[in-house]
Structure formats: C-alpha cells, structure tokens
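Enquirer: upload-v9.txt is reproduced in full below (compact mmCIF, C-alpha atoms and all ligand atoms).
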# COMPACT_ATOMS: atom_id res chain seq x y z
CA MET A 1 9.09 -10.76 25.43
CA SER A 2 7.21 -8.01 27.24
CA LEU A 3 9.89 -5.28 26.76
CA GLY A 4 9.26 -2.06 28.71
CA SER A 5 5.68 -1.73 27.56
CA SER A 6 3.81 1.33 28.79
CA SER A 7 0.31 1.43 30.26
CA GLU A 8 -0.25 4.86 28.68
CA SER A 9 -1.50 5.49 25.17
CA VAL A 10 0.86 7.02 22.59
CA HIS A 11 -0.34 9.60 20.03
CA VAL A 12 1.70 10.03 16.84
CA ARG A 13 1.10 12.43 13.96
CA ALA A 14 2.49 11.82 10.45
CA PRO A 15 2.14 14.00 7.34
CA GLY A 16 0.80 13.41 3.86
CA LYS A 17 3.05 14.29 0.92
CA ILE A 18 3.02 15.76 -2.52
CA ASN A 19 5.45 15.09 -5.35
CA VAL A 20 6.99 18.39 -6.39
CA TYR A 21 8.85 16.64 -9.21
CA LEU A 22 8.30 13.16 -10.65
CA GLY A 23 10.39 11.70 -13.46
CA VAL A 24 9.45 8.19 -14.57
CA GLY A 25 11.97 6.01 -16.43
CA GLY A 26 11.63 2.54 -17.89
CA ARG A 27 9.91 -0.45 -16.32
CA HIS A 28 12.04 -3.02 -14.50
CA ASP A 29 11.35 -6.76 -14.84
CA ASP A 30 9.45 -6.69 -11.51
CA GLY A 31 6.94 -4.27 -13.04
CA TYR A 32 8.12 -1.23 -11.05
CA HIS A 33 9.30 1.86 -12.91
CA ALA A 34 12.56 3.69 -12.31
CA LEU A 35 11.77 7.00 -10.60
CA ALA A 36 13.46 10.26 -9.70
CA THR A 37 11.16 12.25 -7.47
CA VAL A 38 11.06 15.02 -4.88
CA PHE A 39 8.64 14.48 -2.01
CA GLN A 40 7.50 17.31 0.23
CA ALA A 41 5.65 16.58 3.48
CA VAL A 42 2.70 18.96 3.89
CA SER A 43 0.54 20.11 6.81
CA LEU A 44 -2.24 17.58 6.29
CA TYR A 45 -1.86 14.87 8.91
CA GLU A 46 -2.84 11.39 9.94
CA ASP A 47 -3.08 10.76 13.70
CA VAL A 48 -2.49 7.31 15.13
CA ILE A 49 -3.19 6.49 18.78
CA ALA A 50 -1.72 3.23 20.09
CA ARG A 51 -3.21 1.75 23.29
CA PRO A 52 -2.02 -1.29 25.22
CA SER A 53 -3.81 -4.50 24.29
CA ALA A 54 -3.14 -8.23 24.39
CA GLY A 55 -4.18 -8.67 20.73
CA PHE A 56 -4.07 -6.55 17.55
CA SER A 57 -7.05 -4.40 16.51
CA ILE A 58 -7.66 -1.23 14.52
CA VAL A 59 -10.42 1.38 14.15
CA VAL A 60 -10.35 4.11 11.50
CA LYS A 61 -12.13 7.45 12.00
CA GLY A 62 -12.77 10.40 9.69
CA LEU A 63 -13.81 8.44 6.60
CA GLU A 64 -16.82 9.41 4.50
CA ASP A 65 -16.99 5.86 3.19
CA PRO A 66 -15.65 3.37 5.76
CA SER A 67 -15.48 0.60 3.14
CA THR A 68 -12.50 2.33 1.45
CA VAL A 69 -10.02 1.31 4.19
CA PRO A 70 -9.52 -2.36 5.17
CA LEU A 71 -9.39 -3.23 8.87
CA ASP A 72 -7.52 -6.53 8.53
CA ASP A 73 -3.95 -7.44 7.58
CA ARG A 74 -4.26 -5.48 4.32
CA ASN A 75 -4.22 -2.31 6.45
CA LEU A 76 -0.70 -0.85 6.32
CA ALA A 77 -0.80 0.45 9.93
CA MET A 78 -1.78 -3.02 11.15
CA ARG A 79 1.01 -4.58 9.06
CA ALA A 80 3.47 -2.05 10.49
CA ALA A 81 2.52 -2.93 14.07
CA LYS A 82 2.84 -6.67 13.42
CA LEU A 83 6.14 -6.26 11.57
CA LEU A 84 7.61 -4.29 14.47
CA ALA A 85 6.35 -6.86 16.99
CA ALA A 86 7.94 -9.69 14.97
CA ALA A 87 11.24 -7.79 14.57
CA ALA A 88 11.38 -6.99 18.31
CA GLY A 89 10.22 -10.42 19.48
CA TYR A 90 7.31 -8.73 21.30
CA ASP A 91 4.46 -11.09 22.14
CA GLY A 92 1.77 -8.56 23.17
CA GLY A 93 -0.48 -6.52 20.89
CA VAL A 94 -1.86 -3.03 20.33
CA ALA A 95 -5.23 -1.36 19.81
CA LEU A 96 -4.71 1.20 17.03
CA GLU A 97 -6.97 4.17 16.35
CA VAL A 98 -6.34 5.98 13.05
CA ARG A 99 -7.82 9.47 12.56
CA LYS A 100 -7.64 10.27 8.87
CA SER A 101 -7.32 13.69 7.25
CA VAL A 102 -5.29 12.75 4.16
CA PRO A 103 -7.65 11.65 1.37
CA VAL A 104 -7.81 7.91 0.62
CA ALA A 105 -6.32 6.90 -2.77
CA GLY A 106 -5.42 10.53 -3.44
CA GLY A 107 -1.74 9.88 -4.21
CA MET A 108 -0.77 11.72 -1.01
CA GLY A 109 0.60 8.76 0.91
CA GLY A 110 -2.10 8.63 3.62
CA GLY A 111 -1.76 4.87 4.13
CA SER A 112 2.02 5.22 4.25
CA ALA A 113 1.68 7.96 6.89
CA ASP A 114 -0.52 5.61 8.96
CA ALA A 115 2.17 2.91 8.74
CA ALA A 116 4.99 5.29 9.70
CA ALA A 117 2.94 6.63 12.61
CA ALA A 118 2.07 3.09 13.77
CA LEU A 119 5.78 2.13 13.77
CA VAL A 120 6.73 5.13 15.90
CA ALA A 121 3.71 4.73 18.22
CA CYS A 122 4.25 1.01 18.85
CA ASP A 123 8.00 1.51 19.29
CA ALA A 124 7.23 3.99 22.09
CA LEU A 125 4.31 2.01 23.57
CA TRP A 126 6.25 -1.24 23.74
CA GLY A 127 9.59 0.34 24.69
CA THR A 128 11.18 -1.37 21.71
CA GLY A 129 13.87 1.33 21.50
CA PHE A 130 14.70 0.74 17.82
CA SER A 131 17.07 3.26 16.17
CA GLN A 132 15.77 5.54 13.41
CA ALA A 133 17.81 3.44 10.92
CA ARG A 134 16.13 0.21 12.05
CA LEU A 135 12.66 1.81 11.83
CA HIS A 136 13.61 3.04 8.34
CA ASP A 137 14.44 -0.55 7.25
CA LEU A 138 11.07 -1.79 8.51
CA ALA A 139 9.32 1.16 6.83
CA ALA A 140 10.95 0.32 3.49
CA ARG A 141 9.64 -3.24 3.75
CA LEU A 142 6.09 -1.92 4.15
CA GLY A 143 6.03 0.28 1.03
CA ALA A 144 8.06 2.69 -1.07
CA ASP A 145 6.50 5.84 0.51
CA VAL A 146 6.64 4.75 4.17
CA PRO A 147 10.29 5.79 4.87
CA PHE A 148 9.47 9.29 3.64
CA ALA A 149 6.48 9.61 6.00
CA LEU A 150 8.85 8.67 8.83
CA HIS A 151 11.39 11.37 7.92
CA GLY A 152 9.19 14.13 6.45
CA GLY A 153 10.66 17.43 5.23
CA THR A 154 11.72 17.45 1.60
CA ALA A 155 13.56 14.49 0.09
CA VAL A 156 14.73 13.06 -3.19
CA GLY A 157 13.58 9.52 -3.96
CA THR A 158 15.37 7.43 -6.58
CA GLY A 159 15.44 3.75 -7.53
CA ARG A 160 11.79 2.74 -7.32
CA GLY A 161 11.19 5.91 -5.26
CA ASP A 162 12.37 4.16 -2.09
CA GLN A 163 16.02 5.30 -1.94
CA LEU A 164 15.70 8.50 0.05
CA ASN A 165 18.07 11.40 0.45
CA PRO A 166 17.10 14.58 2.30
CA ALA A 167 16.96 17.71 0.15
CA LEU A 168 17.64 21.16 1.49
CA ALA A 169 14.52 23.34 1.29
CA ARG A 170 14.53 26.83 2.71
CA GLY A 171 11.45 28.67 3.94
CA ARG A 172 7.87 27.68 3.47
CA PHE A 173 5.89 26.86 0.36
CA ASP A 174 2.13 27.43 0.24
CA TRP A 175 0.03 24.95 -1.68
CA VAL A 176 -3.66 24.69 -2.48
CA LEU A 177 -4.64 21.06 -2.87
CA VAL A 178 -7.71 19.92 -4.73
CA THR A 179 -8.54 16.38 -3.71
CA SER A 180 -11.13 14.11 -5.33
CA GLU A 181 -13.75 11.92 -3.75
CA GLN A 182 -13.05 9.33 -6.40
CA GLY A 183 -9.52 7.87 -6.20
CA LEU A 184 -7.26 6.88 -9.10
CA SER A 185 -5.56 3.49 -9.23
CA THR A 186 -1.75 3.84 -9.24
CA PRO A 187 -1.14 0.73 -11.42
CA THR A 188 -3.72 2.01 -13.94
CA VAL A 189 -1.93 5.34 -14.26
CA TYR A 190 1.52 3.71 -14.71
CA GLY A 191 -0.02 1.30 -17.24
CA ARG A 192 -1.52 4.24 -19.15
CA LEU A 193 1.90 5.94 -19.23
CA ASP A 194 3.43 2.77 -20.77
CA ALA A 195 0.64 2.68 -23.37
CA LEU A 196 1.06 6.39 -24.22
CA ARG A 197 4.81 5.90 -24.59
CA GLU A 198 4.26 2.93 -26.88
CA GLU A 199 1.93 5.04 -29.03
CA GLU A 200 4.62 7.73 -29.26
CA GLY A 201 6.37 5.30 -31.55
CA ALA A 202 9.32 3.05 -32.05
CA LEU A 203 11.54 6.03 -32.89
CA ALA A 204 11.46 7.37 -29.34
CA ASP A 205 14.43 6.36 -27.14
CA ASP A 206 13.76 3.70 -24.50
CA PRO A 207 13.13 5.39 -21.13
CA PRO A 208 16.24 5.05 -18.90
CA LEU A 209 16.36 2.59 -16.00
CA SER A 210 18.19 5.07 -13.80
CA LEU A 211 17.48 8.79 -13.59
CA ASP A 212 18.16 11.87 -11.47
CA VAL A 213 16.20 14.90 -10.33
CA PRO A 214 17.26 17.89 -12.51
CA ILE A 215 19.58 20.35 -10.71
CA PRO A 216 17.25 23.40 -11.22
CA VAL A 217 14.56 21.67 -9.13
CA LEU A 218 17.00 21.26 -6.21
CA GLN A 219 18.27 24.84 -6.63
CA ALA A 220 14.71 26.18 -6.54
CA LEU A 221 13.99 24.27 -3.30
CA ARG A 222 17.21 25.58 -1.75
CA SER A 223 16.40 29.16 -2.75
CA GLY A 224 13.03 29.02 -0.96
CA ASP A 225 11.66 31.05 -3.85
CA ALA A 226 8.17 29.92 -4.86
CA GLU A 227 8.44 31.47 -8.34
CA SER A 228 11.59 29.46 -9.14
CA LEU A 229 10.00 26.29 -7.81
CA ALA A 230 6.89 26.97 -9.90
CA GLU A 231 9.05 26.85 -13.03
CA SER A 232 10.47 23.48 -11.98
CA LEU A 233 7.26 21.62 -11.07
CA HIS A 234 6.90 18.59 -13.31
CA ASN A 235 5.22 15.19 -13.36
CA ASP A 236 5.82 12.54 -16.04
CA LEU A 237 2.63 10.77 -14.91
CA GLN A 238 0.44 13.82 -15.47
CA ALA A 239 -0.55 13.07 -19.07
CA ALA A 240 -1.53 9.53 -18.06
CA ALA A 241 -3.53 10.75 -15.04
CA VAL A 242 -5.30 13.38 -17.17
CA HIS A 243 -6.06 10.72 -19.78
CA GLU A 244 -7.95 8.81 -17.06
CA ARG A 245 -9.45 11.96 -15.50
CA PRO A 246 -9.67 14.93 -17.93
CA ASP A 247 -11.23 17.09 -15.18
CA LEU A 248 -7.81 17.29 -13.49
CA GLU A 249 -6.54 19.47 -16.33
CA GLU A 250 -9.55 21.77 -15.87
CA THR A 251 -8.79 22.05 -12.16
CA ILE A 252 -5.23 23.15 -12.95
CA VAL A 253 -6.51 25.75 -15.42
CA HIS A 254 -9.01 27.07 -12.81
CA GLY A 255 -6.16 27.30 -10.30
CA LEU A 256 -3.92 29.26 -12.66
CA ARG A 257 -6.77 31.65 -13.48
CA ALA A 258 -7.31 32.15 -9.75
CA GLY A 259 -3.69 33.26 -9.34
CA ALA A 260 -1.65 30.11 -8.59
CA LEU A 261 1.95 30.26 -9.85
CA HIS A 262 1.76 26.76 -11.28
CA GLY A 263 -0.13 23.51 -10.78
CA ILE A 264 0.49 19.81 -11.27
CA VAL A 265 -1.14 16.48 -10.63
CA SER A 266 0.66 15.12 -7.56
CA GLY A 267 2.15 11.65 -8.04
CA SER A 268 -0.29 9.30 -9.74
CA GLY A 269 -3.15 11.66 -8.81
CA PRO A 270 -5.92 12.50 -8.54
CA THR A 271 -4.81 15.22 -6.09
CA VAL A 272 -3.91 18.48 -7.86
CA ALA A 273 -1.26 20.66 -6.15
CA LEU A 274 -1.26 24.39 -6.90
CA LEU A 275 1.80 26.33 -5.78
CA CYS A 276 1.04 29.87 -4.57
CA ALA A 277 3.30 32.86 -3.91
CA ASP A 278 2.49 33.19 -0.19
CA PRO A 279 -0.26 32.43 2.38
CA GLU A 280 -2.44 35.34 1.18
CA GLY A 281 -2.12 34.16 -2.44
CA ALA A 282 -3.14 30.66 -1.37
CA GLN A 283 -6.21 31.98 0.48
CA GLN A 284 -7.24 33.89 -2.63
CA VAL A 285 -6.87 30.78 -4.83
CA GLN A 286 -8.75 28.72 -2.27
CA SER A 287 -11.72 31.14 -2.19
CA ALA A 288 -11.85 31.43 -5.99
CA LEU A 289 -11.84 27.64 -6.42
CA ARG A 290 -14.59 27.26 -3.80
CA GLU A 291 -16.78 29.40 -6.00
CA THR A 292 -16.37 26.86 -8.82
CA GLY A 293 -17.77 24.15 -6.52
CA LEU A 294 -14.42 22.56 -5.58
CA ASP A 295 -13.33 21.85 -2.01
CA PRO A 296 -9.70 23.04 -1.91
CA LEU A 297 -7.33 22.81 1.08
CA HIS A 298 -4.59 25.28 1.96
CA VAL A 299 -1.48 23.53 3.29
CA HIS A 300 2.19 24.37 3.63
CA GLY A 301 5.40 22.43 3.46
CA PRO A 302 7.88 21.18 4.35
CA VAL A 303 6.78 19.82 7.75
CA PRO A 304 8.44 17.13 9.93
CA GLY A 305 7.79 13.38 9.65
CA ALA A 306 6.10 11.06 12.17
CA ARG A 307 6.29 12.63 15.68
CA ILE A 308 4.96 11.74 19.12
CA LEU A 309 2.53 14.40 20.40
CA GLY A 310 2.18 15.60 23.96
O1 LIG B 1 4.44 1.05 -4.26
P1 LIG B 1 2.96 0.92 -4.48
O2 LIG B 1 2.39 -0.31 -3.87
O3 LIG B 1 2.21 2.15 -4.18
O4 LIG B 1 2.80 0.71 -6.08
C1 LIG B 1 1.55 0.41 -6.65
C2 LIG B 1 1.74 0.10 -8.14
O5 LIG B 1 2.20 1.27 -8.82
C3 LIG B 1 2.74 -0.97 -8.49
O6 LIG B 1 2.17 -2.25 -8.42
C4 LIG B 1 3.12 -0.59 -9.91
O7 LIG B 1 2.12 -1.00 -10.83
C5 LIG B 1 3.09 0.93 -9.89
N1 LIG B 1 4.43 1.49 -9.59
C6 LIG B 1 5.39 1.45 -10.59
N2 LIG B 1 6.64 1.97 -10.34
C7 LIG B 1 6.95 2.51 -9.14
C8 LIG B 1 5.97 2.58 -8.12
C9 LIG B 1 4.71 2.06 -8.39
O8 LIG B 1 5.14 0.97 -11.70
N3 LIG B 1 8.19 2.97 -8.92
Could you write out this structure as structure tokens?
Ligand code: C5P
Expert:
Amino acid sequence: MSLGSSSESVHVRAPGKINVYLGVGGRHDDGYHALATVFQAVSLYEDVIARPSAGFSIVVKGLEDPSTVPLDDRNLAMRAAKLLAAAAGYDGGVALEVRKSVPVAGGMGGGSADAAAALVACDALWGTGFSQARLHDLAARLGADVPFALHGGTAVGTGRGDQLNPALARGRFDWVLVTSEQGLSTPTVYGRLDALREEEGALADDPPLSLDVPIPVLQALRSGDAESLAESLHNDLQAAAVHERPDLEETIVHGLRAGALHGIVSGSGPTVALLCADPEGAQQVQSALRETGLDPLHVHGPVPGARILG
C-alpha cells in the first residue's frame, strides 16, 4: 500500500525524561521488576527527520562516539519505523536522521525518545493516520519507556513501568542534570539491587509485586512547589547505582553544597538530577558544578511529548 505518502520531510522532536520517584518491588518470573515511578519529560530533546525513501536507512548525528548507537535493526527508531510500516501495511521505506542531545545510556530514555519520534514522523510522512491510542500500543511493544516519550508531561508508570497514567503537575521545575560519558547498564543495576536486598537478610519482607507512588509525591507535583517536591524525590535503585559508581554520590553532595534543594540518581543512572528552587538557583548550581570540572545541563520540566515541528 502506498497510503497518502508525502514528498516532504517531517521533523519531529521528542524529550528525554527523568524519574522523579522510582519505587522498585519484587522481580516477576520474566525477570522484570514491579515498578511505581513518576516520569517527567525535560527540555533536552532528540530530533528525528524522516525523508521519503524506497528502503529503510538511518544516520545518527551528535554522538561523540558513533559506535555507541547501532544503525541496524537493533536501533529502536529503525524498529519503530518498521513496526509502523508492518502495522499499516505500507510497502515503502524511510530515510531517518536522528540528531541526539540526550546522553546515550544515561537512563534518560534517549533511545525511547528516538522511537517515539520515529513513530510520529513516519505516521505523518506516510499518511498512516493512526490514532494516538494505536501509536501508544505500538510504542509499548517497542519498550517500556516509549509510550511516555510519546505523551511527555508528567506521568505515573506502574506494572513494569509501562502502564502510564498522566499526573497533574503545576508550574515549572528547574533541574540541573549531570550526565556521564560512561553509561551504566540497566540490568547490572537491577541485579545489584537484588543482591543488596539478599544481603539485607532473610528477615526482611519480600518486596511486593504491585506498588503505588506515595500520595505526597503526587501532591507535591500538583502544588508546583519545588521545595515540597524536593522532600519527595526518591529512587530505590540509587544505592545499587552508587554501588557501581560511587562518584554519583559525590556529585549529589557537590550539588547540595552548590545550593540544590535535593538530588537523586535518575532511574538506573548514571544521570544525576538536582532539583533547584528556580531558574536563577539552577544557573548558580550549574556554574558552581562547572568549577568542579563537571559538565552540568540546566533543563526544565514538564515539557510535551513527541511533536511535529514547523
Ligand atoms: O525495559 P528495558 O529494556 O530498558 O530493560 C532493561 C533491563 O532492565 C531488563 O532486561 C531488566 O533486567 C531490567 N528491568 C527490570 N525491571 C523493569 C525494567 C527493567 O528488571 N521494570
């Protein structure tokens, strides 16, 4: 089928995310852990440009080390394009260009943002006309974080992190992010958490297989008050991530000394997210951390999910 395919290119922008709260429960038989998390989309974006083509191809720009992102069917944006083509019965292709700003393997969902952006871009380029719900189903098949990159904003994720419900967040939160050149493997960090829990002893209760985000976290987001949110920031994976990378703890301490309200490892790390009172506070933290040799970014959230530009 050729659908209503366009001869123009389509440019889509999708955000990276941080986990404001991450509770990790027990491990299911499939190896995945029960989660209760709050995602917030932040103003650090991936851009995907889709151009008409008979076959499928991809180029990735903005990488310091090009070997860190695969250009074959392991690439999530490529998989997204092919999944949409199969679902729509479309027999053409696409030439994808990905311009990266979200760090690779930083726990910020950069690959998931690429996939969400590729779905939206190819849907527009090919004139597929899928509903948001249908795109969401395809996104969920690509990975647990892809539906969130499609929707953006602030959302609660339960189940394995893939069951999404929008959360009300008022105002704007200012974050300073400290990313790392060296990524952290997500399975390694979850495995370390299991090992640490085992060491805690047989007397500890088994972690639950279903859990919720605590009410105070949701209230703090609704209030739009950075100080309340600072009190609610939490990550069950943090101890495991710090076990693998002790320097992350030092980064948090530097951030607090520089005036951040609170700091956590985001998701499975290694990105550290420091919540600041306002934009001026964030600029101050950013400059102070630069003096310690770090390369911090000032972002804000929540921001919208994958959107067509221009
Ligand atoms: O979903 P994703 O492919 O990013 O997950 C990578 C790995 O992280 C999984 O193979 C699993 O080891 C771990 N994981 C987990 N529980 C989750 C999500 C991820 O144990 N809910």
Enquirer: Distance limit 7 Å, reference ligand LIG 1 (chain B), atoms considered: all atoms listed in the file. Which residues make the cut? Give them as a ChimeraX atom specification.
Expert: /A:27,31-35,143-144,160-161,186-187,190
Enquirer: Print the selection's residues with C-alpha atoms to a file, as a PDB file, in the frame of the given file.
Expert:
ATOM      1  CA  ARG A  27       9.910  -0.450 -16.320  1.00  0.00           C
ATOM      2  CA  GLY A  31       6.940  -4.270 -13.040  1.00  0.00           C
ATOM      3  CA  TYR A  32       8.120  -1.230 -11.050  1.00  0.00           C
ATOM      4  CA  HIS A  33       9.300   1.860 -12.910  1.00  0.00           C
ATOM      5  CA  ALA A  34      12.560   3.690 -12.310  1.00  0.00           C
ATOM      6  CA  LEU A  35      11.770   7.000 -10.600  1.00  0.00           C
ATOM      7  CA  GLY A 143       6.030   0.280   1.030  1.00  0.00           C
ATOM      8  CA  ALA A 144       8.060   2.690  -1.070  1.00  0.00           C
ATOM      9  CA  ARG A 160      11.790   2.740  -7.320  1.00  0.00           C
ATOM     10  CA  GLY A 161      11.190   5.910  -5.260  1.00  0.00           C
ATOM     11  CA  THR A 186      -1.750   3.840  -9.240  1.00  0.00           C
ATOM     12  CA  PRO A 187      -1.140   0.730 -11.420  1.00  0.00           C
ATOM     13  CA  TYR A 190       1.520   3.710 -14.710  1.00  0.00           C
TER      14      TYR A 190
END
Enquirer: Check the smallest atom-to-atom distance from each of A:Gly129, A:Gly263, A:Gly111, A:Gly183 to Gly16 (chain A) using all atoms listed in the file, then report the winner.
Expert: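 Closest to Gly16 (chain A) of all the choices is A:Gly111.
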Enquirer: Between region 169-206 of chain A and region 84-108 of chain A, at 9 Å or less, what are the per-residue closest atom pairs and their distances in Å? Count all atoms listed in the file, order by chain and rising residue number, and return it as a Markdown table.
Expert:
| residue | atom | partner | partner_atom | distance |
| --- | --- | --- | --- | --- |
| A:Thr179 | CA | A:Gly106 | CA | 6.6 |
| A:Ser180 | CA | A:Gly106 | CA | 7.0 |
| A:Glu181 | CA | A:Pro103 | CA | 8.0 |
| A:Gln182 | CA | A:Ala105 | CA | 8.0 |
| A:Gly183 | CA | A:Ala105 | CA | 4.8 |
| A:Leu184 | CA | A:Ala105 | CA | 6.4 |
| A:Ser185 | CA | A:Ala105 | CA | 7.3 |
| A:Thr186 | CA | A:Gly107 | CA | 7.9 |
Enquirer: Quick one: distance from CA of Pro216 (chain A) to CA of Gly259 (chain A) in Å, one decimal?
Expert: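 Here the two named atoms are 23.2 Å from each other.
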Enquirer: Find the residues around Ala195 (chain A) up to 12 Å (only C-alpha atoms counted), leave out those fewer than 6 positions away in its own chain, and share them as a list in words.
Expert: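 Here the answer would be Thr188, Val189, Gly201, Leu237, Ala239, Ala240 and His243 of chain A.
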Enquirer: Pick the closest to Gly267 (chain A) from A:Pro147, A:Ala282, A:Ala113, A:Asp236: which is it, counting only C-alpha atoms?
Expert: A:Asp236
Enquirer: Would you compute the distance between CA of Asp123 (chain A) and CA of Gly62 (chain A)? Give it in Å to one decimal.
Expert: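 Separation between CA of Asp123 (chain A) and CA of Gly62 (chain A): 24.5 Å.
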Enquirer: For Thr158 (chain A), which residue among A:Thr37, A:Ser131, A:Ser57, A:Gln284 is the nearest when counting all atoms listed in the file?
Expert: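 Distance minimum relative to Thr158 (chain A) lands on A:Thr37.
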Enquirer: Between A:Leu193, A:Gln238, A:Arg222, A:Thr251, which is the closest to Gly293 (chain A) once you count only C-alpha atoms?
Expert: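 Checking each candidate against Gly293 (chain A), we get A:Thr251 as the closest.
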Enquirer: Nearest residue to Asp225 (chain A) out of A:Ala54, A:Leu261, A:Leu289, A:Val299, using all atoms listed in the file?
Expert: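 For Asp225 (chain A), the nearest of the given residues is A:Leu261.
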Enquirer: Out of A:Ile49, A:Ala260, A:Leu119, A:Leu196, which residue has the shortest atom-to-atom distance to Ala77 (chain A) when counting only C-alpha atoms?
Expert: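 With only C-alpha atoms as the atom set, the closest residue is A:Leu119.
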Enquirer: For Arg307 (chain A), work out the shell of residues within 8 Å, counting all atoms listed in the file and skipping chain neighbours fewer than 6 positions away, then give it as a PyMOL selection string.
Expert: chain A and resi 12-14+117+120
Enquirer: List as a PyMOL selection string the protein and nucleic acid residues near Asn19 (chain A), meaning an atom at most 9 Å away when only C-alpha atoms are counted, but skip any in the same chain fewer than 5 places from it.
Expert: chain A and resi 37-41+107-108+233-235+265-267+273
